[in-house]
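Asks: This one is work.txt, compact mmCIF, C-alpha atoms and all ligand atoms.
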# COMPACT_ATOMS: atom_id res chain seq x y z
CA MET A 1 70.17 88.24 6.62
CA LYS A 2 67.17 86.07 5.83
CA CYS A 3 67.29 83.12 3.44
CA LEU A 4 64.15 81.57 1.98
CA VAL A 5 64.51 78.01 0.66
CA ALA A 6 61.89 76.30 -1.49
CA VAL A 7 61.36 72.57 -0.95
CA LYS A 8 59.11 70.37 -3.03
CA ARG A 9 57.68 66.98 -2.08
CA VAL A 10 58.32 64.60 -4.97
CA VAL A 11 58.38 60.87 -5.71
CA ASP A 12 61.58 59.50 -4.16
CA TYR A 13 64.40 59.22 -6.70
CA ASN A 14 64.65 55.45 -6.12
CA VAL A 15 61.04 54.78 -7.13
CA LYS A 16 60.23 53.65 -10.66
CA VAL A 17 56.79 55.11 -11.30
CA GLN A 18 54.09 53.17 -13.15
CA VAL A 19 51.45 54.59 -15.46
CA LYS A 20 47.86 54.26 -14.17
CA SER A 21 45.76 51.72 -16.08
CA ASP A 22 43.47 54.49 -17.43
CA GLN A 23 46.58 56.42 -18.63
CA SER A 24 45.40 59.56 -16.84
CA ASP A 25 48.66 60.01 -14.90
CA VAL A 26 51.42 58.13 -13.11
CA ASP A 27 50.34 56.25 -10.02
CA ILE A 28 51.84 57.79 -6.89
CA ALA A 29 49.16 56.64 -4.46
CA SER A 30 51.40 54.33 -2.44
CA VAL A 31 54.97 55.22 -3.38
CA LYS A 32 57.66 56.73 -1.18
CA MET A 33 57.77 60.54 -1.34
CA SER A 34 60.78 62.65 -0.34
CA MET A 35 62.25 66.11 -0.56
CA ASN A 36 63.40 66.93 -4.09
CA PRO A 37 67.16 66.13 -4.06
CA PHE A 38 68.20 69.56 -5.43
CA ASP A 39 66.15 71.19 -2.65
CA GLU A 40 68.08 69.18 -0.04
CA ILE A 41 71.21 70.77 -1.52
CA ALA A 42 69.57 74.22 -1.34
CA VAL A 43 68.59 73.68 2.33
CA GLU A 44 72.10 72.43 3.13
CA GLN A 45 73.56 75.59 1.58
CA ALA A 46 71.24 77.85 3.56
CA VAL A 47 72.09 76.03 6.79
CA ARG A 48 75.84 76.25 6.05
CA LEU A 49 75.48 80.01 5.48
CA LYS A 50 73.75 80.22 8.85
CA GLU A 51 76.44 78.16 10.54
CA ALA A 52 79.04 80.51 9.02
CA GLY A 53 77.29 83.43 10.74
CA ILE A 54 76.22 85.03 7.44
CA VAL A 55 72.54 84.13 7.40
CA THR A 56 70.53 84.74 10.57
CA GLU A 57 67.29 82.98 9.63
CA VAL A 58 66.49 80.11 7.28
CA LEU A 59 62.84 79.87 6.26
CA ALA A 60 61.76 76.73 4.37
CA VAL A 61 58.66 76.95 2.17
CA SER A 62 56.67 74.36 0.30
CA CYS A 63 53.61 74.75 -1.91
CA GLY A 64 51.16 71.90 -2.06
CA SER A 65 48.87 69.70 0.01
CA VAL A 66 49.11 69.09 3.77
CA ALA A 67 51.29 66.05 2.98
CA SER A 68 54.12 68.46 2.10
CA GLN A 69 54.54 69.15 5.81
CA ASP A 70 56.81 66.09 5.97
CA VAL A 71 59.47 67.64 3.70
CA LEU A 72 59.23 70.87 5.68
CA ARG A 73 59.90 68.90 8.88
CA THR A 74 62.94 67.39 7.15
CA ALA A 75 64.17 70.88 6.27
CA LEU A 76 63.68 71.91 9.91
CA ALA A 77 65.60 68.83 11.05
CA MET A 78 68.44 69.80 8.69
CA GLY A 79 68.64 73.17 10.42
CA ALA A 80 66.01 75.54 9.01
CA ASP A 81 64.55 77.81 11.70
CA ARG A 82 60.93 77.85 10.62
CA ALA A 83 58.72 76.65 7.82
CA VAL A 84 55.67 77.76 5.88
CA LEU A 85 53.34 75.55 3.90
CA LEU A 86 51.40 77.43 1.23
CA GLN A 87 48.58 74.97 1.17
CA THR A 88 46.56 74.06 -1.88
CA ASP A 89 45.23 70.87 -3.45
CA GLU A 90 45.54 72.35 -6.97
CA SER A 91 48.12 70.73 -9.21
CA LEU A 92 50.80 73.42 -9.45
CA GLN A 93 52.79 74.36 -12.53
CA PRO A 94 56.13 76.23 -12.10
CA LEU A 95 54.55 79.63 -12.85
CA ALA A 96 51.99 79.11 -10.08
CA VAL A 97 54.74 78.12 -7.63
CA ALA A 98 56.81 81.15 -8.69
CA LYS A 99 53.81 83.43 -8.08
CA LEU A 100 53.24 81.92 -4.63
CA LEU A 101 56.93 82.25 -3.72
CA LYS A 102 56.89 85.86 -4.94
CA ALA A 103 53.86 86.62 -2.75
CA LEU A 104 55.60 85.05 0.26
CA ALA A 105 58.82 86.94 -0.53
CA ASP A 106 56.80 90.20 -0.53
CA ARG A 107 55.70 89.36 3.02
CA GLU A 108 58.95 87.93 4.37
CA LYS A 109 61.46 90.16 2.55
CA PRO A 110 64.28 87.59 2.28
CA ASP A 111 67.75 88.69 1.13
CA LEU A 112 68.39 85.44 -0.69
CA VAL A 113 66.06 82.83 -2.18
CA LEU A 114 67.52 79.38 -2.79
CA VAL A 115 65.63 76.85 -4.91
CA GLY A 116 66.62 73.58 -6.53
CA LYS A 117 67.69 73.73 -10.18
CA GLN A 118 64.83 71.40 -11.06
CA ALA A 119 62.19 69.19 -9.55
CA ILE A 120 62.84 65.55 -10.43
CA ASP A 121 59.14 64.77 -10.99
CA ASN A 122 58.48 67.25 -13.82
CA ASP A 123 62.12 68.15 -14.68
CA CYS A 124 60.88 71.66 -15.56
CA ASN A 125 63.85 73.77 -14.40
CA GLN A 126 61.68 76.91 -14.52
CA THR A 127 60.54 78.00 -11.07
CA GLY A 128 63.68 79.87 -9.92
CA GLN A 129 63.99 81.73 -13.21
CA MET A 130 60.29 82.66 -13.20
CA LEU A 131 60.48 83.85 -9.59
CA ALA A 132 63.47 86.08 -10.42
CA ALA A 133 61.55 87.54 -13.38
CA LEU A 134 58.40 88.18 -11.33
CA ALA A 135 60.34 89.78 -8.48
CA ASP A 136 62.68 91.61 -10.89
CA TRP A 137 65.66 90.27 -8.93
CA PRO A 138 68.98 89.07 -10.34
CA GLN A 139 69.35 85.31 -10.68
CA ALA A 140 72.10 82.72 -10.90
CA SER A 141 70.99 79.25 -11.95
CA PHE A 142 72.96 75.96 -11.64
CA ALA A 143 75.10 77.12 -8.70
CA SER A 144 78.08 74.98 -7.71
CA GLU A 145 79.53 77.53 -5.27
CA VAL A 146 77.86 80.36 -3.34
CA GLN A 147 79.68 83.07 -1.41
CA ILE A 148 78.12 86.12 0.23
CA GLU A 149 80.20 89.26 0.40
CA GLY A 150 78.68 92.50 1.64
CA GLY A 151 75.47 93.09 -0.25
CA CYS A 152 76.43 90.68 -3.04
CA VAL A 153 76.34 86.98 -3.72
CA ARG A 154 79.10 85.50 -5.87
CA VAL A 155 78.01 82.31 -7.63
CA LYS A 156 79.96 79.79 -9.67
CA ARG A 157 77.54 78.45 -12.28
CA GLU A 158 77.77 75.17 -14.13
CA VAL A 159 77.40 76.08 -17.79
CA ASP A 160 77.96 74.12 -21.00
CA ALA A 161 81.47 75.48 -21.45
CA GLY A 162 82.53 74.80 -17.83
CA LEU A 163 82.18 77.23 -14.93
CA GLU A 164 81.05 80.83 -15.04
CA THR A 165 81.34 83.21 -12.05
CA VAL A 166 78.70 85.91 -11.61
CA GLU A 167 78.18 88.50 -8.90
CA LEU A 168 74.65 89.57 -8.05
CA ASP A 169 73.25 92.29 -5.85
CA LEU A 170 70.98 91.03 -3.10
CA PRO A 171 68.13 90.19 -2.94
CA ALA A 172 68.65 87.50 -5.54
CA VAL A 173 67.50 84.04 -6.59
CA VAL A 174 70.02 81.19 -6.78
CA THR A 175 69.22 77.69 -8.02
CA ALA A 176 71.26 74.80 -6.59
CA ASP A 177 73.07 72.30 -8.81
CA LEU A 178 74.34 68.86 -7.83
CA ARG A 179 77.94 69.77 -6.98
CA LEU A 180 77.09 72.70 -4.66
CA ASN A 181 77.44 70.49 -1.57
CA GLU A 182 76.59 67.11 -0.08
CA PRO A 183 73.52 67.41 2.15
CA ARG A 184 73.88 66.18 5.71
CA TYR A 185 72.05 63.17 7.10
CA VAL A 186 69.17 64.03 9.34
CA THR A 187 69.80 62.68 12.84
CA LEU A 188 67.13 61.39 15.21
CA PRO A 189 67.77 64.09 17.87
CA ASN A 190 67.37 66.75 15.17
CA ILE A 191 64.14 65.13 13.94
CA MET A 192 62.83 65.36 17.51
CA LYS A 193 63.96 69.00 17.83
CA ALA A 194 62.34 69.84 14.49
CA LYS A 195 58.93 68.83 15.88
CA LYS A 196 59.05 71.88 18.16
CA LYS A 197 60.08 74.36 15.46
CA PRO A 198 57.33 76.60 13.99
CA LEU A 199 55.54 75.37 10.87
CA ASP A 200 52.79 77.73 9.68
CA VAL A 201 50.12 76.54 7.29
CA VAL A 202 48.85 79.39 5.10
CA PRO A 203 46.02 78.67 2.63
CA ALA A 204 47.41 79.57 -0.81
CA ALA A 205 44.11 81.33 -1.53
CA GLU A 206 45.05 83.94 1.10
CA LEU A 207 47.92 85.14 -1.07
CA ASP A 208 45.51 86.25 -3.74
CA VAL A 209 47.44 84.96 -6.78
CA ASP A 210 46.06 83.12 -9.77
CA ILE A 211 47.49 79.59 -9.56
CA ARG A 212 45.17 77.95 -12.07
CA SER A 213 46.99 75.88 -14.66
CA GLY A 214 46.54 76.53 -18.35
CA LEU A 215 47.64 72.98 -19.09
CA SER A 216 45.73 69.71 -19.03
CA VAL A 217 47.18 66.22 -19.31
CA LEU A 218 45.62 64.36 -22.23
CA ARG A 219 47.27 60.96 -21.79
CA VAL A 220 50.28 59.45 -20.03
CA ALA A 221 51.99 56.47 -21.67
CA GLU A 222 55.08 54.33 -21.09
CA PRO A 223 57.93 55.05 -23.53
CA PRO A 224 58.21 52.35 -26.23
CA LYS A 225 60.25 49.34 -25.11
CA ARG A 226 63.77 49.31 -26.52
CA SER A 227 64.42 46.42 -28.85
CA GLY A 228 67.29 44.16 -27.78
CA GLY A 229 70.84 44.81 -28.90
CA VAL A 230 73.02 42.48 -31.01
CA LYS A 231 76.62 41.45 -30.53
CA LEU A 232 78.69 41.70 -33.72
CA PRO A 233 81.71 39.51 -34.41
CA ASP A 234 84.04 42.24 -35.68
CA ILE A 235 84.47 45.83 -36.90
CA ALA A 236 83.76 44.84 -40.50
CA ALA A 237 80.30 43.59 -39.51
CA LEU A 238 79.69 46.83 -37.61
CA LEU A 239 80.69 48.96 -40.59
CA ASP A 240 78.50 46.85 -42.85
CA LYS A 241 75.47 47.42 -40.60
CA LEU A 242 76.15 51.15 -40.29
CA ARG A 243 76.48 51.39 -44.08
CA HIS A 244 73.63 49.17 -45.26
CA GLU A 245 71.11 48.97 -42.35
CA ALA A 246 71.40 52.28 -40.49
CA LYS A 247 72.66 54.04 -43.61
CA VAL A 248 74.60 56.55 -41.52
CA ILE A 249 78.00 56.23 -43.22
P1 LIG B 1 60.87 73.09 -11.38
O1 LIG B 1 60.94 74.43 -12.04
O2 LIG B 1 59.47 72.55 -11.28
O3 LIG B 1 61.82 72.08 -12.00
O4 LIG B 1 61.35 73.29 -9.86
C1 LIG B 1 62.56 73.96 -9.54
C2 LIG B 1 62.61 74.24 -8.05
O5 LIG B 1 61.53 75.09 -7.67
C3 LIG B 1 62.48 73.01 -7.15
O6 LIG B 1 63.74 72.36 -7.01
C4 LIG B 1 62.01 73.66 -5.84
O7 LIG B 1 63.09 74.26 -5.15
C5 LIG B 1 61.09 74.77 -6.35
N1 LIG B 1 59.69 74.26 -6.39
C6 LIG B 1 59.02 73.75 -7.45
N2 LIG B 1 57.78 73.36 -7.08
C7 LIG B 1 57.67 73.61 -5.76
C8 LIG B 1 56.65 73.44 -4.78
N3 LIG B 1 55.46 72.90 -5.09
N4 LIG B 1 56.91 73.84 -3.51
C9 LIG B 1 58.10 74.39 -3.18
N5 LIG B 1 59.10 74.57 -4.05
C10 LIG B 1 58.90 74.20 -5.32
Here is a file; write its structure as structure tokens.
Ligand code: AMP
Replies:
Amino acid sequence: MKCLVAVKRVVDYNVKVQVKSDQSDVDIASVKMSMNPFDEIAVEQAVRLKEAGIVTEVLAVSCGSVASQDVLRTALAMGADRAVLLQTDESLQPLAVAKLLKALADREKPDLVLVGKQAIDNDCNQTGQMLAALADWPQASFASEVQIEGGCVRVKREVDAGLETVELDLPAVVTADLRLNEPRYVTLPNIMKAKKKPLDVVPAAELDVDIRSGLSVLRVAEPPKRSGGVKLPDIAALLDKLRHEAKVI
């Protein structure tokens, strides 16, 4: 059973990004970049399925510039068997990524595709769902538990009302939520081993899909600064403000 895992290179979650002085974008020229945290969880899940003898091959894929090879090497160090970079310098929207993943899935024929529930740079939460629609495969988003049984995957999903369990025929797309697992630390010996694992670079243009974006960024601005809070002496003062200033009661 083959598992394809999508990993995106994003600004590290500890970095506080700054807006460029010309307001054209955020400035990521010299900030730390890492694997999207939800994708680490997806890779961990794929590797655990392999360790359990259920999955036989874990293929990590990233779409983006040559720089994305570093997150693929991390995925290999976590236990993925091989990696593919679908290389392009275009700025990719979720639909473009979904199209590229679909084209790769047509070639690789995975039984299960794991993606993160969302990328923390754009917070879109769209790619997995779009991929499932393009491939016409069943999908389970926001997974907090994944079990494979026969030709099915049983997924516990985190939904507004609590947990929902769904069973999907394979092949299927599953998006990883925070509580699915705790990703392992990458050890130095595994980083060294990962250098020898195969990482193919395929020009995205070879896949013959339209990845042009229909969106353009007009202006990026900081959110307005929050005005300072006030400390009130008692409940009566609070009620007075709610009644006469905020006018909400
Ligand atoms: P998004 O829909 O942009 O929030 O991304 C959801 C998930 O899709 C991410 O957690 C990744 O698993 C995958 N994904 C998005 N963009 C890329 C990319 N450029 N390369 C590989 N995977 C991606």
Asks: Taking every listed atom of segment 213-224 of chain A and adding 4 Å to each side, what centre and edge lengths in Å (one decimal) does the axis-aligned box have, as JSON?
Replies:
{"center_x": 51.9, "center_y": 64.4, "center_z": -20.4, "size_x": 20.6, "size_y": 32.2, "size_z": 19.6}
Asks: Just how far from atom CA of Cys3 of chain A is atom CA of Ser144 of chain A, in Å to one decimal?
Replies: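 The value is 17.5 Å.
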Asks: List all protein, DNA and RNA residues that have any atom at most 9 Å from ligand LIG 1 (chain B), counting all atoms listed in the file, and write the list as a PDB file with C-alpha atoms, in the frame of the given file.
Replies:
ATOM      1  CA  VAL A   5      64.510  78.010   0.660  1.00  0.00           C
ATOM      2  CA  ALA A   6      61.890  76.300  -1.490  1.00  0.00           C
ATOM      3  CA  VAL A   7      61.360  72.570  -0.950  1.00  0.00           C
ATOM      4  CA  LYS A   8      59.110  70.370  -3.030  1.00  0.00           C
ATOM      5  CA  ARG A   9      57.680  66.980  -2.080  1.00  0.00           C
ATOM      6  CA  VAL A  10      58.320  64.600  -4.970  1.00  0.00           C
ATOM      7  CA  ASN A  36      63.400  66.930  -4.090  1.00  0.00           C
ATOM      8  CA  PRO A  37      67.160  66.130  -4.060  1.00  0.00           C
ATOM      9  CA  PHE A  38      68.200  69.560  -5.430  1.00  0.00           C
ATOM     10  CA  ASP A  39      66.150  71.190  -2.650  1.00  0.00           C
ATOM     11  CA  GLU A  40      68.080  69.180  -0.040  1.00  0.00           C
ATOM     12  CA  ALA A  42      69.570  74.220  -1.340  1.00  0.00           C
ATOM     13  CA  ALA A  60      61.760  76.730   4.370  1.00  0.00           C
ATOM     14  CA  VAL A  61      58.660  76.950   2.170  1.00  0.00           C
ATOM     15  CA  SER A  62      56.670  74.360   0.300  1.00  0.00           C
ATOM     16  CA  CYS A  63      53.610  74.750  -1.910  1.00  0.00           C
ATOM     17  CA  GLY A  64      51.160  71.900  -2.060  1.00  0.00           C
ATOM     18  CA  SER A  65      48.870  69.700   0.010  1.00  0.00           C
ATOM     19  CA  SER A  68      54.120  68.460   2.100  1.00  0.00           C
ATOM     20  CA  LEU A  85      53.340  75.550   3.900  1.00  0.00           C
ATOM     21  CA  LEU A  86      51.400  77.430   1.230  1.00  0.00           C
ATOM     22  CA  SER A  91      48.120  70.730  -9.210  1.00  0.00           C
ATOM     23  CA  LEU A  92      50.800  73.420  -9.450  1.00  0.00           C
ATOM     24  CA  GLN A  93      52.790  74.360 -12.530  1.00  0.00           C
ATOM     25  CA  PRO A  94      56.130  76.230 -12.100  1.00  0.00           C
ATOM     26  CA  LEU A  95      54.550  79.630 -12.850  1.00  0.00           C
ATOM     27  CA  ALA A  96      51.990  79.110 -10.080  1.00  0.00           C
ATOM     28  CA  VAL A  97      54.740  78.120  -7.630  1.00  0.00           C
ATOM     29  CA  ALA A  98      56.810  81.150  -8.690  1.00  0.00           C
ATOM     30  CA  LEU A 100      53.240  81.920  -4.630  1.00  0.00           C
ATOM     31  CA  LEU A 101      56.930  82.250  -3.720  1.00  0.00           C
ATOM     32  CA  LEU A 114      67.520  79.380  -2.790  1.00  0.00           C
ATOM     33  CA  VAL A 115      65.630  76.850  -4.910  1.00  0.00           C
ATOM     34  CA  GLY A 116      66.620  73.580  -6.530  1.00  0.00           C
ATOM     35  CA  LYS A 117      67.690  73.730 -10.180  1.00  0.00           C
ATOM     36  CA  GLN A 118      64.830  71.400 -11.060  1.00  0.00           C
ATOM     37  CA  ALA A 119      62.190  69.190  -9.550  1.00  0.00           C
ATOM     38  CA  ILE A 120      62.840  65.550 -10.430  1.00  0.00           C
ATOM     39  CA  ASP A 121      59.140  64.770 -10.990  1.00  0.00           C
ATOM     40  CA  ASN A 122      58.480  67.250 -13.820  1.00  0.00           C
ATOM     41  CA  ASP A 123      62.120  68.150 -14.680  1.00  0.00           C
ATOM     42  CA  CYS A 124      60.880  71.660 -15.560  1.00  0.00           C
ATOM     43  CA  ASN A 125      63.850  73.770 -14.400  1.00  0.00           C
ATOM     44  CA  GLN A 126      61.680  76.910 -14.520  1.00  0.00           C
ATOM     45  CA  THR A 127      60.540  78.000 -11.070  1.00  0.00           C
ATOM     46  CA  GLY A 128      63.680  79.870  -9.920  1.00  0.00           C
ATOM     47  CA  GLN A 129      63.990  81.730 -13.210  1.00  0.00           C
ATOM     48  CA  MET A 130      60.290  82.660 -13.200  1.00  0.00           C
ATOM     49  CA  THR A 175      69.220  77.690  -8.020  1.00  0.00           C
ATOM     50  CA  ALA A 176      71.260  74.800  -6.590  1.00  0.00           C
TER      51      ALA A 176
END
Asks: Using only C-alpha atoms, which residues sit within 8 Å of Pro203 of chain A once same-chain residues fewer than 4 positions away are excluded, as a ChimeraX atom specification?
Replies: /A:86-88,207
Asks: Okay, now the selection with C-alpha atoms, as a compact mmCIF listing (two decimals), in the coordinates of the input?
Replies:
# COMPACT_ATOMS: atom_id res chain seq x y z
CA LEU A 86 51.40 77.43 1.23
CA GLN A 87 48.58 74.97 1.17
CA THR A 88 46.56 74.06 -1.88
CA LEU A 207 47.92 85.14 -1.07
Asks: Hey, can you check how far atom CA of Met33 of chain A sits from atom CA of Val15 of chain A?
Replies: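 Atom CA of Val15 of chain A lies 8.8 Å from atom CA of Met33 of chain A.
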Asks: Env of segment 215-232 of chain A: 6 Å cut, atoms = all atoms listed in the file, seq-sep filter 2 positions within chain, self excluded. Answer as a CSV table (one decimal) with C-alpha atoms, in the coordinates of the input.
Replies:
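The resulting file, part-v1.csv, is reproduced below:
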chain,number,residue,atom,x,y,z
A,23,GLN,CA,46.6,56.4,-18.6
A,24,SER,CA,45.4,59.6,-16.8
A,25,ASP,CA,48.7,60.0,-14.9
A,213,SER,CA,47.0,75.9,-14.7
A,234,ASP,CA,84.0,42.2,-35.7
Asks: Provide the atom CA of Lys99 of chain A to atom CA of Val209 of chain A distance in Å, to one decimal place.
Replies: 6.7 Å
Asks: Excluding Arg157 of chain A and any residue of its chain fewer than 2 positions from it, enumerate the residues within 9 Å of it, using all atoms listed in the file, and give them as a list of chain:residue names.
Replies: A:Ala140, A:Ser141, A:Phe142, A:Ala143, A:Ser144, A:Glu145, A:Val155, A:Val159, A:Gly162, A:Leu163, A:Glu164, A:Thr165, A:Val166, A:Asp177
Asks: Generate the output file for the selected residues, C-alpha atoms, as a CSV table (one decimal), in the frame of the given file.
Replies:
chain,number,residue,atom,x,y,z
A,140,ALA,CA,72.1,82.7,-10.9
A,141,SER,CA,71.0,79.2,-12.0
A,142,PHE,CA,73.0,76.0,-11.6
A,143,ALA,CA,75.1,77.1,-8.7
A,144,SER,CA,78.1,75.0,-7.7
A,145,GLU,CA,79.5,77.5,-5.3
A,155,VAL,CA,78.0,82.3,-7.6
A,159,VAL,CA,77.4,76.1,-17.8
A,162,GLY,CA,82.5,74.8,-17.8
A,163,LEU,CA,82.2,77.2,-14.9
A,164,GLU,CA,81.0,80.8,-15.0
A,165,THR,CA,81.3,83.2,-12.0
A,166,VAL,CA,78.7,85.9,-11.6
A,177,ASP,CA,73.1,72.3,-8.8
Asks: Using all atoms listed in the file, which of A:Arg154, A:Lys102, A:Lys20, A:Lys50 sits nearest Lys2 of chain A?
Replies: A:Lys50
Asks: Residues within 7 Å of (61.8, 66.2, 13.7), file coordinates, counting all atoms listed in the file: what are they? Give the list as an mmCIF file with C-alpha atoms, in the coordinates of the input.
Replies:
data_model
loop_
_atom_site.group_PDB
_atom_site.id
_atom_site.type_symbol
_atom_site.label_atom_id
_atom_site.label_comp_id
_atom_site.auth_asym_id
_atom_site.auth_seq_id
_atom_site.Cartn_x
_atom_site.Cartn_y
_atom_site.Cartn_z
ATOM 1 C CA ARG A 73 59.900 68.900 8.880
ATOM 2 C CA THR A 74 62.940 67.390 7.150
ATOM 3 C CA ALA A 77 65.600 68.830 11.050
ATOM 4 C CA ASN A 190 67.370 66.750 15.170
ATOM 5 C CA ILE A 191 64.140 65.130 13.940
ATOM 6 C CA MET A 192 62.830 65.360 17.510
ATOM 7 C CA LYS A 193 63.960 69.000 17.830
ATOM 8 C CA ALA A 194 62.340 69.840 14.490
ATOM 9 C CA LYS A 195 58.930 68.830 15.880
#
Asks: From the list A:Val43, A:Ala204, A:Leu199, A:Ile249, which residue is nearest Ala103 of chain A when using all atoms listed in the file?
Replies: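 For Ala103 of chain A, the nearest of the candidates is A:Ala204.
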Asks: So that I can see what lies close to Val31 of chain A, please list as a CSV table (one decimal) with C-alpha atoms, in the frame of the given file the residues with an atom at most 12 Å from it, counting all atoms listed in the file and leaving out residues fewer than 4 positions away in the same chain.
Replies:
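Once everything was written out, this is result02.csv:
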chain,number,residue,atom,x,y,z
A,10,VAL,CA,58.3,64.6,-5.0
A,11,VAL,CA,58.4,60.9,-5.7
A,12,ASP,CA,61.6,59.5,-4.2
A,13,TYR,CA,64.4,59.2,-6.7
A,14,ASN,CA,64.6,55.4,-6.1
A,15,VAL,CA,61.0,54.8,-7.1
A,16,LYS,CA,60.2,53.6,-10.7
A,17,VAL,CA,56.8,55.1,-11.3
A,18,GLN,CA,54.1,53.2,-13.2
A,26,VAL,CA,51.4,58.1,-13.1
A,27,ASP,CA,50.3,56.2,-10.0
